[in-house]
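**Q** My structure is stored as start-v9.pdb, with PDB, C-alpha atoms.
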MODEL        1
ATOM      1  CA  MET A 673      25.883  15.776  57.250
ATOM      2  CA  VAL A 674      25.336  12.071  56.444
ATOM      3  CA  SER A 675      23.907  11.133  53.060
ATOM      4  CA  ALA A 676      22.122   7.991  54.250
ATOM      5  CA  PRO A 677      20.438   8.592  57.641
ATOM      6  CA  LEU A 678      18.945   5.622  59.421
ATOM      7  CA  GLU A 679      15.493   7.085  60.207
ATOM      8  CA  LEU A 680      14.595   4.698  63.014
ATOM      9  CA  PRO A 681      10.924   3.861  63.631
ATOM     10  CA  ASP A 682       8.997   5.568  66.430
ATOM     11  CA  ASN A 683       8.739   2.363  68.471
ATOM     12  CA  ARG A 684      11.889   2.398  70.588
ATOM     13  CA  LEU A 685      12.130  -1.390  70.804
ATOM     14  CA  GLY A 686      13.733  -3.567  68.155
ATOM     15  CA  LEU A 687      14.335  -7.295  67.830
ATOM     16  CA  GLY A 688      17.823  -8.741  67.563
ATOM     17  CA  LEU A 689      18.089 -12.164  65.936
ATOM     18  CA  ALA A 690      21.340 -13.433  67.485
ATOM     19  CA  ALA A 691      19.480 -16.178  69.368
ATOM     20  CA  LEU A 692      17.076 -17.019  66.528
ATOM     21  CA  GLY A 693      19.234 -17.767  63.513
ATOM     22  CA  ARG A 694      21.385 -20.620  64.829
ATOM     23  CA  PRO A 695      20.938 -23.451  67.319
ATOM     24  CA  GLY A 696      23.671 -22.333  69.716
ATOM     25  CA  TYR A 697      24.111 -19.042  71.543
ATOM     26  CA  ILE A 698      25.451 -17.789  74.880
ATOM     27  CA  THR A 699      22.118 -16.706  76.377
ATOM     28  CA  LEU A 700      21.420 -18.550  79.632
ATOM     29  CA  HIS A 701      19.505 -21.784  78.878
ATOM     30  CA  HIS A 702      19.231 -20.967  75.187
ATOM     31  CA  ALA A 703      18.910 -24.674  74.363
ATOM     32  CA  VAL A 704      15.587 -24.811  76.195
ATOM     33  CA  ASP A 705      14.231 -21.986  74.073
ATOM     34  CA  VAL A 706      15.021 -23.345  70.616
ATOM     35  CA  ALA A 707      14.913 -27.143  71.008
ATOM     36  CA  PRO A 708      14.632 -29.036  68.798
ATOM     37  CA  ALA A 709      16.774 -27.218  66.247
ATOM     38  CA  GLY A 710      18.346 -30.066  64.340
ATOM     39  CA  SER A 711      18.332 -28.142  61.072
ATOM     40  CA  PRO A 712      17.504 -24.710  59.660
ATOM     41  CA  HIS A 713      14.222 -26.232  58.473
ATOM     42  CA  ASP A 714      13.355 -26.965  62.119
ATOM     43  CA  MET A 715      14.349 -23.547  63.411
ATOM     44  CA  GLU A 716      12.863 -21.225  60.793
ATOM     45  CA  PRO A 717       9.212 -21.602  61.935
ATOM     46  CA  HIS A 718      10.315 -20.888  65.499
ATOM     47  CA  ALA A 719      12.136 -17.747  64.405
ATOM     48  CA  HIS A 720       9.106 -16.670  62.391
ATOM     49  CA  ASP A 721       6.869 -17.074  65.448
ATOM     50  CA  VAL A 722       9.056 -14.640  67.407
ATOM     51  CA  ILE A 723       9.284 -12.188  64.510
ATOM     52  CA  SER A 724       5.488 -12.330  64.180
ATOM     53  CA  ALA A 725       5.089 -11.617  67.898
ATOM     54  CA  ALA A 726       7.434  -8.654  67.566
ATOM     55  CA  TRP A 727       5.545  -7.297  64.566
ATOM     56  CA  GLY A 728       2.275  -7.709  66.421
ATOM     57  CA  ALA A 729       3.730  -5.725  69.328
ATOM     58  CA  GLY A 730       4.564  -2.833  67.014
ATOM     59  CA  ILE A 731       8.275  -3.537  66.581
ATOM     60  CA  ARG A 732       9.529  -2.328  63.211
ATOM     61  CA  TYR A 733      13.313  -2.637  63.551
ATOM     62  CA  PHE A 734      15.087  -5.986  63.124
ATOM     63  CA  ASP A 735      18.779  -6.659  63.640
ATOM     64  CA  ALA A 736      20.685  -9.516  61.981
ATOM     65  CA  ALA A 737      24.286 -10.382  61.073
ATOM     66  CA  ARG A 738      26.193 -12.650  58.735
ATOM     67  CA  SER A 739      27.388 -14.662  61.743
ATOM     68  CA  TYR A 740      23.888 -15.263  63.109
ATOM     69  CA  GLY A 741      23.532 -18.500  61.171
ATOM     70  CA  LYS A 742      20.429 -18.231  58.977
ATOM     71  CA  ALA A 743      19.072 -15.053  60.598
ATOM     72  CA  GLU A 744      19.175 -12.942  57.441
ATOM     73  CA  ASP A 745      17.567 -15.751  55.478
ATOM     74  CA  PHE A 746      14.798 -16.299  58.051
ATOM     75  CA  LEU A 747      14.053 -12.579  58.300
ATOM     76  CA  GLY A 748      14.048 -12.059  54.541
ATOM     77  CA  HIS A 749      11.660 -14.980  54.070
ATOM     78  CA  TRP A 750       9.286 -13.620  56.740
ATOM     79  CA  LEU A 751       9.244 -10.109  55.280
ATOM     80  CA  THR A 752       8.530 -11.288  51.751
ATOM     81  CA  ALA A 753       5.993 -13.926  52.822
ATOM     82  CA  ASN A 754       4.081 -11.243  54.727
ATOM     83  CA  ASP A 755       4.280  -8.700  51.887
ATOM     84  CA  VAL A 756       5.985  -6.122  54.100
ATOM     85  CA  ALA A 757       6.920  -3.061  52.098
ATOM     86  CA  PRO A 758      10.547  -1.929  52.564
ATOM     87  CA  ASP A 759       9.355   1.506  53.674
ATOM     88  CA  ASP A 760       7.340  -0.072  56.516
ATOM     89  CA  VAL A 761      10.280  -1.725  58.277
ATOM     90  CA  ARG A 762      13.887  -0.978  59.166
ATOM     91  CA  VAL A 763      16.501  -3.730  58.926
ATOM     92  CA  GLY A 764      20.084  -3.688  60.091
ATOM     93  CA  SER A 765      22.748  -6.306  59.531
ATOM     94  CA  LYS A 766      26.468  -6.662  60.108
ATOM     95  CA  TRP A 767      29.625  -7.900  58.471
ATOM     96  CA  GLY A 768      32.968  -8.975  59.913
ATOM     97  CA  TYR A 769      32.220 -12.354  61.519
ATOM     98  CA  THR A 770      31.709 -15.617  59.653
ATOM     99  CA  TYR A 771      29.490 -18.346  61.099
ATOM    100  CA  THR A 772      31.588 -21.516  61.307
ATOM    101  CA  ALA A 773      29.646 -23.853  63.634
ATOM    102  CA  GLY A 774      27.900 -25.737  60.816
ATOM    103  CA  TRP A 775      24.674 -25.898  62.826
ATOM    104  CA  ARG A 776      26.444 -27.698  65.677
ATOM    105  CA  VAL A 777      26.019 -26.466  69.242
ATOM    106  CA  ASP A 778      29.162 -28.347  70.307
ATOM    107  CA  ALA A 779      31.383 -26.738  67.673
ATOM    108  CA  THR A 780      34.848 -25.724  68.858
ATOM    109  CA  VAL A 781      34.573 -22.352  67.097
ATOM    110  CA  HIS A 782      31.191 -20.774  66.370
ATOM    111  CA  GLU A 783      32.279 -17.641  64.518
ATOM    112  CA  VAL A 784      35.488 -16.127  63.188
ATOM    113  CA  LYS A 785      36.213 -12.401  63.172
ATOM    114  CA  ASP A 786      37.858 -10.861  60.106
ATOM    115  CA  HIS A 787      37.499  -7.165  59.252
ATOM    116  CA  THR A 788      39.383  -7.251  55.954
ATOM    117  CA  ILE A 789      38.155  -5.764  52.687
ATOM    118  CA  ASP A 790      37.796  -9.235  51.144
ATOM    119  CA  VAL A 791      35.327 -10.273  53.842
ATOM    120  CA  LEU A 792      33.373  -7.026  53.409
ATOM    121  CA  HIS A 793      33.122  -7.593  49.643
ATOM    122  CA  ARG A 794      31.906 -11.157  50.158
ATOM    123  CA  GLN A 795      29.499 -10.520  52.994
ATOM    124  CA  ILE A 796      27.710  -7.486  51.569
ATOM    125  CA  GLY A 797      26.848  -9.633  48.567
ATOM    126  CA  GLU A 798      25.574 -12.411  50.816
ATOM    127  CA  THR A 799      23.529  -9.983  52.909
ATOM    128  CA  ARG A 800      21.922  -8.447  49.847
ATOM    129  CA  SER A 801      21.057 -11.875  48.489
ATOM    130  CA  HIS A 802      19.011 -12.540  51.640
ATOM    131  CA  LEU A 803      17.653  -9.098  52.496
ATOM    132  CA  GLY A 804      17.595  -7.305  49.152
ATOM    133  CA  ARG A 805      15.843  -3.931  49.300
ATOM    134  CA  TYR A 806      15.110  -4.329  53.012
ATOM    135  CA  LEU A 807      18.662  -3.499  54.107
ATOM    136  CA  ASP A 808      18.775  -0.046  55.737
ATOM    137  CA  LEU A 809      21.826  -0.212  58.011
ATOM    138  CA  TYR A 810      25.079  -2.107  57.476
ATOM    139  CA  GLN A 811      27.372  -2.272  60.489
ATOM    140  CA  ILE A 812      30.929  -3.295  61.261
ATOM    141  CA  HIS A 813      30.397  -6.182  63.667
ATOM    142  CA  SER A 814      32.207  -5.600  66.984
ATOM    143  CA  ALA A 815      34.615  -2.942  65.792
ATOM    144  CA  THR A 816      37.583  -2.333  68.061
ATOM    145  CA  GLU A 817      40.547  -0.036  67.794
ATOM    146  CA  ALA A 818      42.806  -3.068  68.143
ATOM    147  CA  SER A 819      41.377  -4.682  65.006
ATOM    148  CA  GLY A 820      42.472  -1.691  62.936
ATOM    149  CA  VAL A 821      39.208  -1.585  60.996
ATOM    150  CA  LEU A 822      38.635   2.091  61.777
ATOM    151  CA  ASN A 823      41.976   2.872  60.106
ATOM    152  CA  ASN A 824      41.536   0.578  57.104
ATOM    153  CA  ALA A 825      41.187   2.965  54.174
ATOM    154  CA  ALA A 826      39.964   0.298  51.736
ATOM    155  CA  VAL A 827      37.205  -0.812  54.108
ATOM    156  CA  LEU A 828      36.139   2.741  54.960
ATOM    157  CA  ASP A 829      36.068   3.731  51.286
ATOM    158  CA  ARG A 830      33.882   0.728  50.433
ATOM    159  CA  LEU A 831      31.519   1.554  53.289
ATOM    160  CA  ALA A 832      31.346   5.125  52.003
ATOM    161  CA  ASP A 833      30.356   3.757  48.587
ATOM    162  CA  LEU A 834      27.538   1.794  50.216
ATOM    163  CA  ARG A 835      26.445   4.955  52.022
ATOM    164  CA  GLU A 836      26.297   6.833  48.753
ATOM    165  CA  GLY A 837      24.111   4.012  47.444
ATOM    166  CA  GLY A 838      21.551   4.680  50.164
ATOM    167  CA  VAL A 839      22.576   2.276  52.941
ATOM    168  CA  ALA A 840      23.299   3.853  56.320
ATOM    169  CA  ILE A 841      26.618   2.774  57.833
ATOM    170  CA  GLY A 842      27.144   1.897  61.472
ATOM    171  CA  LEU A 843      29.285  -0.102  63.838
ATOM    172  CA  THR A 844      28.723  -2.270  66.871
ATOM    173  CA  THR A 845      31.023  -2.395  69.875
ATOM    174  CA  SER A 846      31.863  -4.966  72.519
ATOM    175  CA  GLY A 847      34.373  -5.370  75.317
ATOM    176  CA  PRO A 848      35.672  -3.206  78.142
ATOM    177  CA  ASP A 849      37.049  -0.578  75.731
ATOM    178  CA  GLN A 850      33.760   0.266  74.036
ATOM    179  CA  ALA A 851      34.015   3.939  74.983
ATOM    180  CA  SER A 852      37.307   4.524  73.158
ATOM    181  CA  THR A 853      35.994   2.792  70.026
ATOM    182  CA  ILE A 854      32.822   4.890  70.058
ATOM    183  CA  ARG A 855      34.784   8.120  70.409
ATOM    184  CA  ARG A 856      37.134   7.113  67.608
ATOM    185  CA  ALA A 857      34.203   6.274  65.336
ATOM    186  CA  ILE A 858      32.532   9.655  65.858
ATOM    187  CA  GLY A 859      35.440  11.325  64.094
ATOM    188  CA  VAL A 860      35.706   8.988  61.087
ATOM    189  CA  GLU A 861      34.848  10.868  57.892
ATOM    190  CA  ARG A 862      34.692  10.133  54.207
ATOM    191  CA  GLY A 863      34.030  12.799  51.575
ATOM    192  CA  ASP A 864      33.872  15.548  54.229
ATOM    193  CA  GLU A 865      30.981  13.756  55.892
ATOM    194  CA  ARG A 866      30.857  11.640  59.020
ATOM    195  CA  LEU A 867      30.801   8.022  57.891
ATOM    196  CA  PHE A 868      28.759   6.459  60.667
ATOM    197  CA  ALA A 869      25.066   7.136  61.129
ATOM    198  CA  ALA A 870      24.627   4.751  64.071
ATOM    199  CA  VAL A 871      26.457   2.941  66.829
ATOM    200  CA  GLN A 872      25.165  -0.209  68.522
ATOM    201  CA  SER A 873      26.704  -0.967  71.889
ATOM    202  CA  THR A 874      26.257  -3.082  74.970
ATOM    203  CA  TRP A 875      24.719  -1.143  77.849
ATOM    204  CA  ASN A 876      22.938  -2.605  80.840
ATOM    205  CA  VAL A 877      22.757  -2.066  84.579
ATOM    206  CA  LEU A 878      25.681  -4.462  85.052
ATOM    207  CA  GLU A 879      27.845  -2.858  82.342
ATOM    208  CA  PRO A 880      27.027   0.857  81.930
ATOM    209  CA  SER A 881      30.599   2.026  81.277
ATOM    210  CA  ALA A 882      29.961   3.115  77.671
ATOM    211  CA  GLY A 883      27.145   5.469  78.677
ATOM    212  CA  GLU A 884      29.111   8.718  78.605
ATOM    213  CA  ALA A 885      30.617   7.953  75.194
ATOM    214  CA  LEU A 886      27.203   6.969  73.849
ATOM    215  CA  GLY A 887      25.908  10.328  75.039
ATOM    216  CA  GLU A 888      28.678  11.994  73.044
ATOM    217  CA  ALA A 889      27.744   9.937  69.993
ATOM    218  CA  ALA A 890      24.109  10.989  70.273
ATOM    219  CA  GLU A 891      25.126  14.624  70.681
ATOM    220  CA  ALA A 892      27.210  14.299  67.510
ATOM    221  CA  GLY A 893      24.131  13.083  65.633
ATOM    222  CA  LEU A 894      24.529   9.310  65.623
ATOM    223  CA  ASP A 895      21.589   7.072  66.420
ATOM    224  CA  VAL A 896      22.408   4.918  69.451
ATOM    225  CA  ILE A 897      21.130   1.337  69.527
ATOM    226  CA  VAL A 898      21.464  -0.616  72.779
ATOM    227  CA  LYS A 899      22.155  -4.347  72.666
ATOM    228  CA  GLU A 900      22.367  -6.931  75.446
ATOM    229  CA  ALA A 901      20.155  -4.923  77.804
ATOM    230  CA  VAL A 902      19.408  -8.136  79.730
ATOM    231  CA  ALA A 903      23.075  -9.219  79.735
ATOM    232  CA  ASN A 904      22.596 -12.502  77.857
ATOM    233  CA  GLY A 905      19.969 -13.639  80.343
ATOM    234  CA  ARG A 906      21.727 -12.566  83.525
ATOM    235  CA  LEU A 907      19.077  -9.874  84.062
ATOM    236  CA  THR A 908      16.107 -12.213  83.712
ATOM    237  CA  SER A 909      14.244 -14.672  85.902
ATOM    238  CA  ARG A 910      16.880 -17.263  84.974
ATOM    239  CA  ASN A 911      19.258 -15.512  87.346
ATOM    240  CA  ARG A 912      17.073 -15.302  90.425
ATOM    241  CA  ALA A 913      19.513 -13.458  92.698
ATOM    242  CA  LEU A 914      19.696 -10.405  90.438
ATOM    243  CA  ALA A 915      16.074 -10.720  89.338
ATOM    244  CA  ARG A 916      14.858 -10.440  92.919
ATOM    245  CA  GLN A 917      16.806  -7.220  93.436
ATOM    246  CA  LEU A 918      15.223  -5.576  90.396
ATOM    247  CA  GLU A 919      11.713  -6.875  90.995
ATOM    248  CA  ALA A 920      11.748  -5.768  94.639
ATOM    249  CA  VAL A 921      12.213  -2.153  93.561
ATOM    250  CA  ILE A 922       9.558  -2.119  90.827
ATOM    251  CA  PRO A 923       6.865  -4.662  91.789
ATOM    252  CA  GLY A 924       4.618  -6.019  89.082
ATOM    253  CA  PHE A 925       7.300  -6.150  86.411
ATOM    254  CA  SER A 926       9.718  -8.918  85.518
ATOM    255  CA  ALA A 927      13.459  -8.381  85.708
ATOM    256  CA  ASP A 928      13.887  -8.414  81.932
ATOM    257  CA  ALA A 929      11.294  -5.670  81.448
ATOM    258  CA  ILE A 930      12.916  -3.570  84.169
ATOM    259  CA  ALA A 931      16.390  -4.022  82.667
ATOM    260  CA  ILE A 932      15.164  -3.016  79.215
ATOM    261  CA  ALA A 933      13.283  -0.055  80.687
ATOM    262  CA  ALA A 934      16.512   1.089  82.351
ATOM    263  CA  ALA A 935      18.185   1.141  78.941
ATOM    264  CA  MET A 936      15.242   2.940  77.349
ATOM    265  CA  ALA A 937      15.451   5.578  80.079
ATOM    266  CA  GLN A 938      18.927   6.677  78.986
ATOM    267  CA  PRO A 939      18.550  10.045  77.248
ATOM    268  CA  TRP A 940      20.924   9.074  74.452
ATOM    269  CA  ALA A 941      19.228   5.755  73.573
ATOM    270  CA  SER A 942      17.432   5.841  70.216
ATOM    271  CA  LEU A 943      16.459   2.164  70.241
ATOM    272  CA  VAL A 944      16.833  -0.832  72.561
ATOM    273  CA  LEU A 945      16.983  -4.364  71.199
ATOM    274  CA  SER A 946      15.136  -7.314  72.617
ATOM    275  CA  GLY A 947      17.134 -10.496  72.214
ATOM    276  CA  ALA A 948      14.114 -12.689  72.839
ATOM    277  CA  ALA A 949      14.408 -16.327  71.786
ATOM    278  CA  THR A 950      10.701 -17.125  72.272
ATOM    279  CA  ALA A 951       7.434 -15.295  71.686
ATOM    280  CA  ASP A 952       6.725 -15.352  75.429
ATOM    281  CA  GLN A 953      10.069 -13.703  76.152
ATOM    282  CA  LEU A 954       9.301 -11.080  73.529
ATOM    283  CA  ARG A 955       5.961 -10.273  75.116
ATOM    284  CA  SER A 956       7.640  -9.978  78.516
ATOM    285  CA  ASN A 957      10.340  -7.688  77.120
ATOM    286  CA  VAL A 958       7.743  -5.421  75.520
ATOM    287  CA  ARG A 959       6.287  -4.660  78.957
ATOM    288  CA  ALA A 960       9.342  -2.458  79.464
ATOM    289  CA  ALA A 961       7.387   0.349  77.839
ATOM    290  CA  ALA A 962       4.981   0.331  80.802
ATOM    291  CA  VAL A 963       7.624   0.554  83.537
ATOM    292  CA  PRO A 964       7.288   3.952  85.264
ATOM    293  CA  PRO A 965      10.341   5.967  84.142
ATOM    294  CA  ASP A 966      10.642   7.726  87.493
ATOM    295  CA  ALA A 967      11.149   4.365  89.210
ATOM    296  CA  ILE A 968      14.343   3.607  87.296
ATOM    297  CA  GLY A 969      16.378   5.906  89.510
ATOM    298  CA  ASP A 970      15.559   3.744  92.528
ATOM    299  CA  LEU A 971      17.274   0.652  91.118
ATOM    300  CA  PRO A 972      20.210  -0.641  93.148
ATOM    301  CA  HIS A 973      23.740   0.030  91.961
ATOM    302  CA  LEU A 974      24.646  -3.220  90.222
ATOM    303  CA  ALA A 975      27.463  -2.113  87.924
ATOM    304  CA  GLU A 976      30.383  -4.510  87.731
ATOM    305  CA  ASP A 977      33.967  -3.769  86.832
ATOM    306  CA  PRO A 978      33.963  -3.769  83.010
ATOM    307  CA  GLU A 979      36.883  -6.191  82.766
ATOM    308  CA  ALA A 980      35.113  -8.596  85.134
ATOM    309  CA  TYR A 981      31.825  -8.264  83.245
ATOM    310  CA  TRP A 982      33.373  -9.059  79.873
ATOM    311  CA  THR A 983      35.415 -11.913  81.317
ATOM    312  CA  ALA A 984      32.221 -13.438  82.718
ATOM    313  CA  ARG A 985      30.460 -12.955  79.384
ATOM    314  CA  ALA A 986      33.299 -14.685  77.533
ATOM    315  CA  GLU A 987      32.897 -17.671  79.861
ATOM    316  CA  LEU A 988      29.183 -18.149  79.123
ATOM    317  CA  PRO A 989      28.754 -21.508  77.370
ATOM    318  CA  TRP A 990      27.289 -21.882  73.920
ATOM    319  CA  ASN A 991      24.135 -23.939  74.412
TER     320      ASN A 991
ENDMDL
END
Now that the file is in, can you turn its structure into structure tokens?
**A**
Amino acid sequence: MVSAPLELPDNRLGLGLAALGRPGYITLHHAVDVAPAGSPHDMEPHAHDVISAAWGAGIRYFDAARSYGKAEDFLGHWLTANDVAPDDVRVGSKWGYTYTAGWRVDATVHEVKDHTIDVLHRQIGETRSHLGRYLDLYQIHSATEASGVLNNAAVLDRLADLREGGVAIGLTTSGPDQASTIRRAIGVERGDERLFAAVQSTWNVLEPSAGEALGEAAEAGLDVIVKEAVANGRLTSRNRALARQLEAVIPGFSADAIAIAAAMAQPWASLVLSGAATADQLRSNVRAAAVPPDAIGDLPHLAEDPEAYWTARAELPWN
């Protein structure tokens, strides 16, 4: 039993704001999408346009993080300006990384990871100042076994307190060892209850290695949220070689829609995030819902070695 279930909306698509809250990100050609973004004042209307397109498409789940620049701020402003009732939307955010780029795309370090109790105390206060009553899910950002956060009693106790206050607790995973982190998280308990209500992990046709563990998480009762379904732009028209392979199998649909549909087709997937940086990208992503599910099985085998995939991801430039 979990005292604060997530209760995801029926629409199985959500919008992640990683590319919308700061001027630099590792999506292919991100600079083209958000230019000019000389200040938060410049970027907020752009972010609001994409959020509006998502809302108009029926999306009711939005994903932010403390390290996504002004993402929490932009989302909170949009929700209040549009008089959205907290019960009509689901909002997740994350703690554990601090945004350090200072609105510079050429910063040496864009974010710093720190899973200590002091950072949790600070960042939950910051998140609540921006999102207030809208916060439904609070996640450890990129938990790993190596970081020790899943063994940190002070952190887990504080997260359990938040759960008792009505906020569902989750974690996100990254890297080639996602599966072991997911399995470890399933067994974490506080007060004779499983602590985590949700896990958010990278899964796509290039990096499907966490799929079995995510199935185990779903069987255990966790909601499973898929991130990076288009592999930071590698599974879009911006990477023509891969795009052609996908589009040849399912004509009439763009590569991004096919890639997202492949994630939605996984039986354990509760929700799949669009990482759209423009309203046009969002509308293209949403077409995933129309991809014939029986066609997904005909896609070519594109899976890469997990170590190679994550090495390539780490080499993507911030732009």
**Q** Quick one: residues within 8 Å of stretch 915-918 of chain A, all atoms listed in the file counted, chain neighbours fewer than 6 positions away excluded, as a list in words?
**A**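 The residues that qualify are Leu907, Thr908, Ser909, Ser926, Ala927, Ile930, Ala931, Leu971 and Pro972 of chain A.
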**Q** How would you write, as a ChimeraX atom specification, the residues chosen by the PyMOL selection byres ((chain A and resi 750) around 10) on this structure?
**A** /A:716-717,719-721,723-724,744-749,751-756
**Q** Restricting it to C-alpha atoms, dump the selection as a compact mmCIF listing (two decimals), in the coordinates of the input.
**A**
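What follows is the written file again-v6.txt:
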# COMPACT_ATOMS: atom_id res chain seq x y z
CA GLU A 716 12.86 -21.22 60.79
CA PRO A 717 9.21 -21.60 61.94
CA ALA A 719 12.14 -17.75 64.40
CA HIS A 720 9.11 -16.67 62.39
CA ASP A 721 6.87 -17.07 65.45
CA ILE A 723 9.28 -12.19 64.51
CA SER A 724 5.49 -12.33 64.18
CA GLU A 744 19.18 -12.94 57.44
CA ASP A 745 17.57 -15.75 55.48
CA PHE A 746 14.80 -16.30 58.05
CA LEU A 747 14.05 -12.58 58.30
CA GLY A 748 14.05 -12.06 54.54
CA HIS A 749 11.66 -14.98 54.07
CA LEU A 751 9.24 -10.11 55.28
CA THR A 752 8.53 -11.29 51.75
CA ALA A 753 5.99 -13.93 52.82
CA ASN A 754 4.08 -11.24 54.73
CA ASP A 755 4.28 -8.70 51.89
CA VAL A 756 5.98 -6.12 54.10
**Q** Any idea what the distance is between atom CA of A:Thr845 and atom CA of A:Gln872?
**A** 6.4 Å
**Q** Please report as CSV every residue of stretch 938-968 of chain A lying within 12 Å of stretch 874-878 of chain A, along with the nearest atom pair and their distance in Å (one decimal), using all atoms listed in the file.
**A**
residue,atom,partner,partner_atom,distance
A:Gln938,CA,A:Trp875,CA,9.8
A:Trp940,CA,A:Trp875,CA,11.4
A:Ala941,CA,A:Trp875,CA,9.8
A:Leu943,CA,A:Trp875,CA,11.7
A:Val944,CA,A:Trp875,CA,9.5
A:Leu945,CA,A:Thr874,CA,10.1
A:Ile968,CA,A:Val877,CA,10.5
**Q** Output the selection as a PDB file, in the frame of the given file - C-alpha atoms for each residue.
**A**
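Saved the output as result.pdb:
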ATOM      1  CA  GLN A 938      18.927   6.677  78.986  1.00  0.00           C
ATOM      2  CA  TRP A 940      20.924   9.074  74.452  1.00  0.00           C
ATOM      3  CA  ALA A 941      19.228   5.755  73.573  1.00  0.00           C
ATOM      4  CA  LEU A 943      16.459   2.164  70.241  1.00  0.00           C
ATOM      5  CA  VAL A 944      16.833  -0.832  72.561  1.00  0.00           C
ATOM      6  CA  LEU A 945      16.983  -4.364  71.199  1.00  0.00           C
ATOM      7  CA  ILE A 968      14.343   3.607  87.296  1.00  0.00           C
TER       8      ILE A 968
END
**Q** Between atom CA of A:Lys742 and atom CA of A:Ala949, what distance in Å does the model show, to one decimal?
**A** 14.3 Å
**Q** Grab the atom CA of A:Val722 to atom CA of A:Ala736 distance for me, in Å with one decimal place.
**A**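 Distance reported for this atom pair: 13.8 Å.
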**Q** In terms of the shortest atom-to-atom distance over only C-alpha atoms, which of A:Trp767, A:Tyr733, A:Val777, A:Gly741 is closest to A:Arg794?
**A** A:Trp767
**Q** Using all atoms listed in the file, which residues sit within 12 Å of A:Arg866 once same-chain residues fewer than 2 positions away are excluded, as a PyMOL selection string?
**A** chain A and resi 673-677+828+831-832+835+840-842+856-864+868-870+889+892-894
**Q** Might you spell out which residues the PyMOL selection byres ((chain A and resi 787-791) around 9) would select in the displayed file, as a VMD selection string?
**A** chain A and resid 767 to 770 785 to 786 792 to 796 812 to 813 815 819 to 821 824 826 to 827 830
**Q** Using all atoms listed in the file, which of the listed residues (A:Pro758, A:Gly688, A:Pro681, A:Gly764) sits closest to A:Arg732?
**A**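 Residue with the minimum atom-to-atom distance to A:Arg732: A:Pro681.
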**Q** Could you give me, as a list in words, the residues within 9 Å of A:Arg985, counting all atoms listed in the file and dropping anything in the same chain fewer than 4 positions from it?
**A**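 Near A:Arg985, the qualifying residues are Ile698, Ala903, Asn904, Ala980, Tyr981 and Pro989 of chain A.
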**Q** Using the selection just defined, write its residues with C-alpha atoms as a compact mmCIF listing (two decimals), in the frame of the given file.
**A**
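And here's result24.txt as it stands now:
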# COMPACT_ATOMS: atom_id res chain seq x y z
CA ILE A 698 25.45 -17.79 74.88
CA ALA A 903 23.08 -9.22 79.74
CA ASN A 904 22.60 -12.50 77.86
CA ALA A 980 35.11 -8.60 85.13
CA TYR A 981 31.82 -8.26 83.24
CA PRO A 989 28.75 -21.51 77.37
**Q** Would you mind telling me which residue in A:Gly969, A:Gly887, A:Pro964, A:Gly947 lies nearest to A:His702 when using only C-alpha atoms?
**A**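 The closest residue to A:His702 is A:Gly947.
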